[in-house]
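The file coords.txt contains compact mmCIF, C-alpha atoms:
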```txt
# COMPACT_ATOMS: atom_id res chain seq x y z
CA MET A 1 90.07 42.10 55.31
CA ASP A 2 88.73 45.57 54.37
CA ARG A 3 85.77 43.96 52.61
CA ILE A 4 84.96 41.88 55.69
CA SER A 5 85.14 44.95 57.90
CA ASP A 6 82.88 46.85 55.52
CA VAL A 7 80.27 44.07 55.56
CA GLY A 8 80.31 44.04 59.36
CA LYS A 9 79.93 47.81 59.52
CA VAL A 10 77.00 47.79 57.09
CA LEU A 11 75.22 45.08 59.08
CA ARG A 12 75.78 46.83 62.41
CA ASN A 13 74.29 50.04 61.02
CA ALA A 14 71.41 48.34 59.23
CA ALA A 15 67.83 48.75 60.40
CA PRO A 16 66.81 45.50 62.16
CA HIS A 17 64.23 44.58 59.50
CA ARG A 18 66.55 45.32 56.56
CA LEU A 19 69.44 42.92 57.17
CA PRO A 20 68.68 40.71 54.09
CA GLU A 21 68.48 43.72 51.76
CA ASP A 22 71.57 45.41 53.18
CA ILE A 23 73.78 42.33 53.03
CA ALA A 24 72.61 41.79 49.44
CA ALA A 25 73.63 45.35 48.60
CA VAL A 26 77.08 45.13 50.16
CA LEU A 27 77.79 41.74 48.55
CA ALA A 28 76.74 43.18 45.20
CA GLU A 29 79.11 46.09 45.71
CA HIS A 30 82.16 44.03 46.71
CA TYR A 31 81.62 40.78 44.77
CA ASP A 32 79.10 41.63 42.03
CA ALA A 33 76.83 39.13 43.77
CA GLY A 34 73.27 38.78 42.53
CA ASP A 35 70.13 36.95 43.68
CA VAL A 36 71.24 37.05 47.33
CA ARG A 37 68.68 35.31 49.52
CA LEU A 38 68.53 34.56 53.22
CA ARG A 39 66.52 31.47 54.19
CA MET A 40 65.69 30.58 57.79
CA ALA A 41 65.18 27.03 59.07
CA ASP A 42 61.56 26.47 60.07
CA TYR A 43 60.56 25.35 63.55
CA GLY A 44 60.17 21.75 62.40
CA MET A 45 63.66 21.74 60.81
CA ARG A 46 62.16 20.46 57.57
CA THR A 47 62.30 23.49 55.28
CA LEU A 48 64.28 26.66 54.66
CA GLN A 49 61.88 29.61 54.59
CA ASN A 50 62.64 32.63 52.44
CA THR A 51 62.87 35.94 54.29
CA GLY A 52 61.27 37.89 51.46
CA PRO A 53 59.57 41.27 51.99
CA ALA A 54 56.24 41.29 53.79
CA GLY A 55 53.43 40.12 51.54
CA GLN A 56 55.78 38.46 49.04
CA HIS A 57 55.19 34.71 48.81
CA LEU A 58 58.34 32.75 48.02
CA GLU A 59 58.31 28.97 48.03
CA ALA A 60 60.15 27.22 50.85
CA ILE A 61 63.01 24.84 50.06
CA PRO A 62 63.23 21.37 51.66
CA ILE A 63 66.29 20.78 53.81
CA GLN A 64 66.45 17.20 52.60
CA GLY A 65 67.94 16.74 49.13
CA THR A 66 68.66 20.34 48.12
CA PRO A 67 71.95 22.26 47.76
CA GLU A 68 70.80 24.73 50.40
CA GLY A 69 69.89 21.86 52.68
CA ARG A 70 73.30 20.25 52.18
CA ALA A 71 75.02 23.45 53.27
CA PHE A 72 72.73 23.64 56.29
CA GLY A 73 73.15 19.99 57.27
CA ALA A 74 76.91 19.75 56.78
CA GLN A 75 77.53 23.27 58.12
CA GLU A 76 79.90 23.86 55.23
CA PRO A 77 79.60 25.99 52.08
CA TRP A 78 78.12 24.22 49.08
CA VAL A 79 79.38 25.59 45.76
CA GLU A 80 77.72 25.05 42.36
CA ALA A 81 79.38 26.20 39.13
CA ASP A 82 77.37 26.96 35.98
CA PRO A 83 79.85 27.14 33.05
CA LEU A 84 77.12 28.06 30.57
CA ARG A 85 76.13 31.16 32.50
CA GLU A 86 79.67 31.71 33.79
CA THR A 87 78.40 31.97 37.35
CA VAL A 88 79.09 30.33 40.69
CA THR A 89 76.29 29.86 43.23
CA VAL A 90 77.42 29.68 46.84
CA HIS A 91 75.20 28.39 49.67
CA LEU A 92 76.56 29.30 53.10
CA PRO A 93 75.30 28.26 56.57
CA VAL A 94 74.29 31.09 58.90
CA THR A 95 75.20 29.84 62.36
CA VAL A 96 76.00 31.51 65.68
CA ARG A 97 77.97 29.55 68.29
CA GLY A 98 76.61 26.30 66.91
CA ASP A 99 72.98 27.46 66.71
CA ARG A 100 71.91 26.71 63.12
CA MET A 101 69.76 29.57 61.87
CA GLY A 102 69.62 29.22 58.10
CA VAL A 103 71.44 29.58 54.78
CA LEU A 104 72.56 32.55 52.69
CA THR A 105 72.70 32.00 48.92
CA ALA A 106 74.55 34.29 46.51
CA VAL A 107 75.28 34.05 42.77
CA LEU A 108 78.70 35.42 41.75
CA PRO A 109 80.24 35.95 38.31
CA GLU A 110 82.75 33.20 37.64
CA ALA A 111 85.50 35.78 37.19
CA ARG A 112 84.93 37.18 40.70
CA TYR A 113 85.04 33.82 42.47
CA THR A 114 88.59 33.32 43.79
CA PRO A 115 90.00 31.16 46.63
CA ALA A 116 89.93 34.22 48.89
CA VAL A 117 86.23 34.86 48.41
CA LEU A 118 84.79 31.85 50.25
CA PRO A 119 86.34 32.63 53.69
CA GLU A 120 85.20 36.23 53.33
CA LEU A 121 81.64 35.15 52.59
CA GLU A 122 81.71 32.78 55.57
CA ALA A 123 82.82 35.67 57.79
CA ALA A 124 79.98 37.77 56.39
CA CYS A 125 77.48 35.03 57.28
CA GLU A 126 78.83 34.80 60.81
CA ALA A 127 78.38 38.56 61.21
CA LEU A 128 74.89 38.30 59.74
CA GLY A 129 73.91 35.62 62.25
CA HIS A 130 75.01 37.74 65.19
CA GLU A 131 73.10 40.74 63.87
CA ILE A 132 69.93 38.67 63.39
CA LEU A 133 70.04 37.66 67.05
CA VAL A 134 70.28 41.32 68.05
CA ALA A 135 67.65 42.41 65.51
CA GLU A 136 65.09 39.92 66.81
CA ARG A 137 64.64 42.12 69.87
CA ASP A 138 63.19 44.83 67.63
CA THR A 139 61.49 43.09 64.69
CA ASP A 140 59.33 40.03 64.05
CA ARG A 141 60.60 39.56 60.49
CA TYR A 142 62.93 36.64 61.20
CA VAL A 143 60.62 34.94 63.69
CA ILE A 144 57.80 35.09 61.14
CA ALA A 145 60.10 33.78 58.41
CA ARG A 146 60.73 30.59 60.41
CA ARG A 147 57.06 29.57 60.27
CA ALA A 148 55.94 27.04 57.71
CA THR A 149 52.49 27.25 59.28
CA ARG A 150 50.86 29.00 62.19
CA LEU A 151 51.96 28.19 65.74
CA THR A 152 49.43 27.44 68.44
CA LEU A 153 49.51 29.92 71.32
CA ALA A 154 51.01 27.26 73.62
CA ALA A 155 53.78 26.58 71.07
CA GLU A 156 54.41 30.33 70.72
CA MET A 157 54.99 30.53 74.46
CA GLN A 158 57.29 27.51 74.50
CA TRP A 159 59.49 28.60 71.57
CA GLN A 160 59.96 32.02 73.16
CA LEU A 161 61.17 30.24 76.31
CA LEU A 162 63.81 28.09 74.60
CA PRO A 163 67.51 29.09 74.56
CA GLY A 164 68.14 27.90 70.98
CA ARG A 165 68.36 24.53 69.27
CA SER A 166 72.09 23.86 69.33
CA CYS A 167 75.29 25.12 70.92
CA ASP A 168 78.98 24.38 70.33
CA ARG A 169 81.92 24.90 72.67
CA PRO A 170 85.35 23.28 72.74
CA GLU A 171 84.20 21.07 75.64
CA PHE A 172 80.85 19.94 74.21
CA SER A 173 78.36 20.05 71.37
CA LEU A 174 74.66 20.21 72.12
CA GLY A 175 71.48 19.86 70.06
CA ALA A 176 67.77 19.71 70.91
CA HIS A 177 64.42 19.48 69.17
CA LEU A 178 60.77 19.02 70.08
CA GLU A 179 57.68 17.80 68.28
CA PRO A 180 55.03 18.57 67.26
CA ALA A 181 56.95 21.77 66.56
CA TYR A 182 53.90 23.89 65.77
CA ALA A 183 51.66 22.54 68.54
CA VAL A 184 53.99 21.70 71.45
CA PHE A 185 52.62 22.53 74.89
CA GLY A 186 54.34 21.16 78.02
CA ASP A 187 57.84 19.92 77.11
CA ASN A 188 60.84 22.22 77.32
CA PHE A 189 64.63 22.21 77.41
CA ASP A 190 67.04 24.79 78.77
CA TRP A 191 70.77 25.22 79.11
CA SER A 192 73.38 27.71 80.23
CA ALA A 193 77.17 27.50 79.99
CA SER A 194 79.65 29.52 82.04
CA ALA A 195 83.44 29.43 82.12
CA ASP A 196 83.33 26.42 84.43
CA ALA A 197 80.04 24.58 84.05
CA LEU A 198 77.17 23.57 81.80
CA THR A 199 73.68 23.37 83.30
CA LEU A 200 71.13 21.42 81.29
CA THR A 201 67.46 20.71 82.07
CA VAL A 202 64.64 18.83 80.37
CA THR A 203 61.11 19.55 81.58
CA ASP A 204 57.95 17.52 80.97
CA GLY A 205 54.90 19.54 81.99
CA MET A 206 51.57 18.07 83.08
CA GLY A 207 48.48 18.66 80.95
CA ASP A 208 48.13 20.16 77.50
CA GLY A 209 47.46 23.43 75.73
CA ILE A 210 47.85 26.80 77.44
CA ASP A 211 47.69 25.34 80.95
CA ALA A 212 50.72 23.12 80.29
CA ALA A 213 52.65 25.98 78.66
CA LEU A 214 51.94 28.30 81.62
CA LEU A 215 53.02 25.62 84.10
CA THR A 216 56.28 24.97 82.26
CA ASN A 217 56.94 28.70 81.90
CA LEU A 218 56.59 29.14 85.66
CA ALA A 219 58.90 26.24 86.46
CA VAL A 220 61.61 27.16 83.92
CA SER A 221 61.57 30.79 85.05
CA ALA A 222 61.92 29.67 88.67
CA LEU A 223 64.82 27.35 87.78
CA ARG A 224 66.56 30.17 85.91
CA ASN A 225 65.98 32.57 88.79
CA ALA A 226 67.56 30.12 91.23
CA ARG A 227 70.46 29.32 88.90
CA ARG A 228 71.22 32.99 88.31
CA ALA A 229 71.15 33.58 92.07
CA GLY A 230 74.02 31.09 92.38
CA LEU A 231 72.05 28.29 94.07
CA ASP A 232 73.20 24.71 93.69
CA LEU A 233 71.24 22.13 91.70
CA ALA A 234 69.21 20.80 94.65
CA ASP A 235 68.21 24.30 95.73
CA GLN A 236 67.24 25.15 92.16
CA ALA A 237 64.81 22.23 92.24
CA ARG A 238 63.54 23.25 95.68
CA LEU A 239 62.86 26.83 94.62
CA ALA A 240 61.02 25.75 91.47
CA ASP A 241 59.06 23.17 93.47
CA GLN A 242 57.97 25.86 95.94
CA ALA A 243 56.98 28.24 93.13
CA VAL A 244 54.78 25.64 91.42
CA TYR A 245 53.20 24.50 94.70
CA ALA A 246 52.52 28.08 95.82
CA GLN A 247 50.67 28.74 92.58
CA HIS A 248 48.75 25.47 92.23
CA GLN A 249 48.67 23.93 95.73
CA GLY A 250 49.55 20.45 94.45
CA ALA A 251 46.79 20.31 91.84
CA VAL A 252 49.34 20.03 89.03
CA HIS A 253 53.01 19.12 88.83
CA LEU A 254 55.78 18.67 86.30
CA SER A 255 58.76 16.40 85.86
CA VAL A 256 62.28 17.66 85.35
CA LEU A 257 65.78 16.26 84.99
CA LEU A 258 68.46 18.75 86.05
CA LEU A 259 72.11 18.19 85.14
CA ARG A 260 75.24 20.20 85.85
CA PHE A 261 78.62 19.35 84.27
CA ASP A 262 82.02 20.55 85.41
CA LEU A 263 83.75 21.54 82.17
CA SER A 264 87.23 20.88 83.55
CA THR A 265 86.73 17.41 85.00
CA GLY A 266 83.57 15.94 83.48
CA GLU A 267 82.12 15.40 86.94
CA ALA A 268 78.36 15.83 86.84
CA GLU A 269 75.48 16.28 89.25
CA ALA A 270 71.87 15.31 88.69
CA VAL A 271 68.48 15.85 90.25
CA ASP A 272 65.93 13.40 88.83
CA ALA A 273 62.48 14.76 89.65
CA GLY A 274 60.22 12.78 87.36
CA SER A 275 60.00 11.23 83.94
CA PRO A 276 62.74 12.61 81.60
CA ARG A 277 65.37 9.90 81.07
CA LEU A 278 69.07 9.82 80.22
CA TRP A 279 70.93 7.35 77.99
CA ARG A 280 74.68 7.18 77.36
CA LEU A 281 76.53 5.96 74.27
CA ARG A 282 80.09 4.98 75.18
CA ASP A 283 82.36 2.77 73.06
CA ARG A 284 79.40 1.66 70.88
CA THR A 285 77.47 0.56 73.97
CA VAL A 286 74.19 2.24 74.89
CA GLU A 287 72.90 2.04 78.45
CA PRO A 288 70.46 4.05 80.55
CA VAL A 289 71.92 6.27 83.25
CA THR A 290 69.61 5.88 86.22
CA PHE A 291 69.25 7.97 89.35
CA GLU A 292 67.24 7.72 92.53
CA ALA A 293 63.78 8.96 91.61
CA GLN A 294 62.53 12.02 93.46
CA LEU A 295 59.13 13.70 93.46
CA PRO A 296 58.08 15.88 90.51
CA LEU A 297 58.00 19.62 91.13
CA GLY A 298 54.91 21.07 92.79
CA MET A 299 53.34 17.94 94.27
CA PHE A 300 53.87 18.82 97.95
CA GLU A 301 55.02 21.76 100.01
CA ASP A 302 58.73 21.96 100.88
CA THR A 303 59.83 18.77 99.12
CA PRO A 304 63.55 18.08 99.77
CA TYR A 305 65.80 17.31 96.79
CA VAL A 306 69.30 15.83 96.75
CA THR A 307 71.93 15.69 94.04
CA GLN A 308 73.52 12.52 92.74
CA ARG A 309 76.84 12.29 90.96
CA PHE A 310 78.13 10.62 87.83
CA GLU A 311 80.94 11.22 85.34
CA VAL A 312 81.20 11.81 81.62
CA ARG A 313 84.29 11.00 79.59
CA PRO A 314 85.60 12.48 76.34
CA GLY A 315 83.79 10.71 73.50
CA ASP A 316 80.59 10.10 75.46
CA ARG A 317 77.25 10.93 73.85
CA LEU A 318 74.30 11.56 76.17
CA LEU A 319 70.67 11.53 75.07
CA LEU A 320 67.83 12.98 77.13
CA GLY A 321 64.19 12.32 76.29
CA SER A 322 60.77 13.08 77.71
CA ASP A 323 58.09 10.42 78.12
CA GLY A 324 56.67 11.46 74.75
CA VAL A 325 59.65 9.55 73.28
CA TYR A 326 59.89 6.23 75.08
CA ASP A 327 56.19 5.93 75.94
CA VAL A 328 54.81 6.58 72.44
CA GLU A 329 52.77 3.71 71.01
CA GLY A 330 53.10 2.34 67.50
CA GLY A 331 50.35 1.09 65.25
CA GLY A 332 50.32 -2.24 67.10
CA GLY A 333 50.00 -0.62 70.53
CA GLU A 334 53.57 -1.46 71.58
CA ARG A 335 55.63 1.25 73.29
CA TYR A 336 58.76 2.62 71.62
CA GLY A 337 60.79 1.87 74.76
CA ASP A 338 64.42 1.87 75.82
CA ARG A 339 65.56 -0.72 73.28
CA ALA A 340 64.30 1.33 70.34
CA VAL A 341 65.98 4.44 71.75
CA ALA A 342 69.25 2.51 72.03
CA ARG A 343 68.98 1.28 68.43
CA ALA A 344 68.24 4.79 67.18
CA LEU A 345 71.17 6.22 69.13
CA LEU A 346 73.54 3.70 67.56
CA ALA A 347 72.07 4.12 64.08
CA ASN A 348 72.65 7.87 64.20
CA SER A 349 76.06 7.76 65.88
CA LEU A 350 77.79 9.43 62.90
CA LEU A 351 75.49 12.43 62.91
CA PRO A 352 76.60 15.55 64.78
CA ALA A 353 74.76 16.25 68.03
CA ALA A 354 72.71 19.05 66.45
CA GLN A 355 71.12 16.62 63.97
CA VAL A 356 70.47 13.65 66.25
CA PRO A 357 67.28 14.95 67.95
CA ARG A 358 65.55 15.68 64.65
CA ALA A 359 66.62 12.30 63.23
CA LEU A 360 65.33 10.39 66.25
CA LEU A 361 62.03 12.27 66.32
CA HIS A 362 61.59 11.58 62.61
CA GLU A 363 62.04 7.86 63.30
CA LEU A 364 59.59 8.19 66.18
CA GLY A 365 57.00 9.66 63.82
CA GLU A 366 57.42 6.73 61.44
CA TYR A 367 57.05 4.30 64.34
CA ARG A 368 53.84 6.02 65.46
CA GLY A 369 52.41 5.83 61.96
CA GLU A 370 48.76 6.84 61.83
CA THR A 371 48.38 6.72 65.61
CA PRO A 372 47.26 10.17 66.83
CA VAL A 373 49.85 12.18 68.76
CA ALA A 374 48.99 11.85 72.45
CA ASP A 375 51.93 13.75 73.93
CA ASP A 376 54.66 16.11 72.80
CA ALA A 377 58.21 14.78 72.72
CA ILE A 378 61.60 16.30 73.33
CA VAL A 379 65.12 14.99 72.60
CA VAL A 380 68.40 16.58 73.69
CA CYS A 381 71.78 15.22 72.54
CA LEU A 382 75.08 16.13 74.23
CA ASP A 383 78.48 15.17 72.83
CA TRP A 384 81.19 15.50 75.47
CA TYR A 385 84.76 16.32 74.39
CA GLY A 386 86.23 17.51 77.68
CA ARG A 387 88.68 20.30 78.26
CA PRO A 388 92.36 19.91 77.36
CA GLN A 389 94.46 19.58 80.49
CA GLY A 390 96.32 22.67 81.61
CA THR A 391 93.76 25.17 80.33
CA ALA A 392 91.60 27.32 82.56
CA ASP A 393 88.89 28.02 80.00
CA GLY A 394 88.23 25.98 76.86
CA ALA A 395 87.31 29.15 74.94
CA ASP A 396 90.83 30.51 75.44
CA SER A 397 92.81 27.28 75.28
CA GLY A 398 94.08 27.74 71.76
CA ALA A 399 93.41 24.05 71.23
CA PRO A 400 92.05 22.90 67.88
CA SER A 401 88.30 22.43 67.66
CA PRO A 402 87.12 18.83 68.09
CA VAL A 403 86.34 16.90 64.94
CA ARG A 404 82.66 17.06 63.96
CA LEU A 405 81.43 14.11 61.95
CA ARG A 406 78.96 14.77 59.15
CA PRO A 407 76.64 12.35 57.40
CA PRO A 408 77.81 10.69 54.18
CA GLY A 409 76.86 12.46 50.98
CA THR A 410 77.17 16.00 52.32
CA GLY A 411 79.92 18.52 51.94
CA LYS A 412 81.59 20.33 49.08
CA ASP A 413 81.68 19.23 45.48
```

Please re-express this file's structure in structure tokens.
Amino acid sequence: MDRISDVGKVLRNAAPHRLPEDIAAVLAEHYDAGDVRLRMADYGMRTLQNTGPAGQHLEAIPIQGTPEGRAFGAQEPWVEADPLRETVTVHLPVTVRGDRMGVLTAVLPEARYTPAVLPELEAACEALGHEILVAERDTDRYVIARRATRLTLAAEMQWQLLPGRSCDRPEFSLGAHLEPAYAVFGDNFDWSASADALTLTVTDGMGDGIDAALLTNLAVSALRNARRAGLDLADQARLADQAVYAQHQGAVHLSVLLLRFDLSTGEAEAVDAGSPRLWRLRDRTVEPVTFEAQLPLGMFEDTPYVTQRFEVRPGDRLLLGSDGVYDVEGGGGERYGDRAVARALLANSLLPAAQVPRALLHELGEYRGETPVADDAIVVCLDWYGRPQGTADGADSGAPSPVRLRPPGTGKD
């Protein structure tokens, strides 16, 4: 426990841009660890980018088919022993509250690797993840490290607006992804969880480039402002609608699906203002969840919005997608459509929620083939576990964490 405390203290006192070097130093001191490297997942979730010093070029590692990628995908340590060198290489996921950030790799002498070491290294990685989140307010090092190529300005604006790419709580597990990751412009997702509720939105902005990014930024900021003021879901939509109309006078608009889930009961509210759609996987059956369509935000002045209700049950998986998913055309000109979404949802049912969006968008890219990308696409996956009865707050329930399924072929040796 003293070693864990020491690692945490070192990281808290580290300069924001020196976290990789300082954790390497403290792991070397306590475990004789060498070749300690922090790799961050790139925006496309395809590679793990090395956070080497500025100006130092270090080759990225694919997430698919590598030991580091296995640790990242399974969210479990991956251990490799080398009897000839008498070393043990440990790859550990760096994750904060379900948001998958990257992988820390360390090489330890075989004699120093004991059963007690692995939990201590996992605790060190958890502390590192928290400190990276804080450090990103003061340094660009980790944001730059995530880039496999340059972002467009519109994509830069959108990624800065996003809350993260995944989130875990006892009541739910949530994952999201968007493509093209380095050139996205109008699509966006947002969420916020309190002690009692989860609010989740998917936005599909009109247009492309900077104009679409500015429009979405305005709408998401207005929705957040209304949510943080304590307004209900319909009033959140009304305030955002008024903000967009006041700025553009009906010349542009954007579609949004707003959802709010009661964490205690699973009762949910929805405002469907446009094109994002919702599908539900329940008992191996996929079906669309439809609502009364309402006008997109910003089309007219003082548009009224009303909430509609539905219910989620423990074991349900919900999938939200923008029109860049179900409207995309394949090489033969046929749309991807609801049936293909349903097949993809079933085919990936064993993946955890955090991995489903990337898997579905990868399949979408294969379906598109050589057809040029006409629209960006966003997928959000929500696994609902529900709150154990008799608890006021799932975070303090003391209940065991829900089982997370992982894909075959990943995990520890």

One decimal, Å: what's the distance from atom CA of A:Met299 over to atom CA of A:Thr201, could you say?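 Distance between the two atoms: 18.9 Å.
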
Interatomic distance between atom CA of A:Phe310 and atom CA of A:Phe189?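 A separation of 20.6 Å between them.
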
Would you list the contacts of A:Ala193 as an MDAnalysis selection string, taking every protein, DNA or RNA residue within 12 Å and counting only C-alpha atoms, but skipping same-chain residues closer than 4 positions in sequence? chainID A and resid 97 163 167:174 197:200 227:228 259:263 393:395

Considering all atoms listed in the file, return as a compact mmCIF listing (two decimals) with C-alpha atoms, in the frame of the given file whatever protein or nucleic-acid residues lie within 10 Å of A:Leu364, sequence-local ones (same chain, fewer than 2 positions apart) excluded.
```
# COMPACT_ATOMS: atom_id res chain seq x y z
CA GLY A 324 56.67 11.46 74.75
CA VAL A 325 59.65 9.55 73.28
CA TYR A 326 59.89 6.23 75.08
CA VAL A 328 54.81 6.58 72.44
CA GLU A 329 52.77 3.71 71.01
CA GLY A 330 53.10 2.34 67.50
CA TYR A 336 58.76 2.62 71.62
CA ALA A 340 64.30 1.33 70.34
CA VAL A 341 65.98 4.44 71.75
CA ALA A 344 68.24 4.79 67.18
CA ARG A 358 65.55 15.68 64.65
CA ALA A 359 66.62 12.30 63.23
CA LEU A 360 65.33 10.39 66.25
CA LEU A 361 62.03 12.27 66.32
CA HIS A 362 61.59 11.58 62.61
CA GLU A 366 57.42 6.73 61.44
CA TYR A 367 57.05 4.30 64.34
CA ARG A 368 53.84 6.02 65.46
CA GLY A 369 52.41 5.83 61.96
CA ALA A 377 58.21 14.78 72.72
```

Non-local contacts of A:Val312 (10 Å; all atoms listed in the file; under 3 positions in same chain excluded) as a list in words: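 Using all atoms listed in the file, the neighbours found are Phe261, Asp262, Thr265, Gly266, Glu267, Ala268, Arg280, Arg282, Gly315, Asp316, Arg317, Leu318, Asp383, Trp384, Tyr385 and Gly386 of chain A.
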
Within 8 Å of A:Thr87 using all atoms listed in the file, minus same-chain residues under 2 positions, as a list of chain:residue names: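 Surrounding residues, per the criterion: A:Ala81, A:Asp82, A:Pro83, A:Leu84, A:Arg85, A:Thr89, A:Val107, A:Leu108, A:Pro109, A:Glu110.
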
Using atom CA of A:Thr303 and atom CA of A:Arg238 as the two end points, give the distance in Å to one decimal.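 Between these atoms lies a distance of 6.8 Å.
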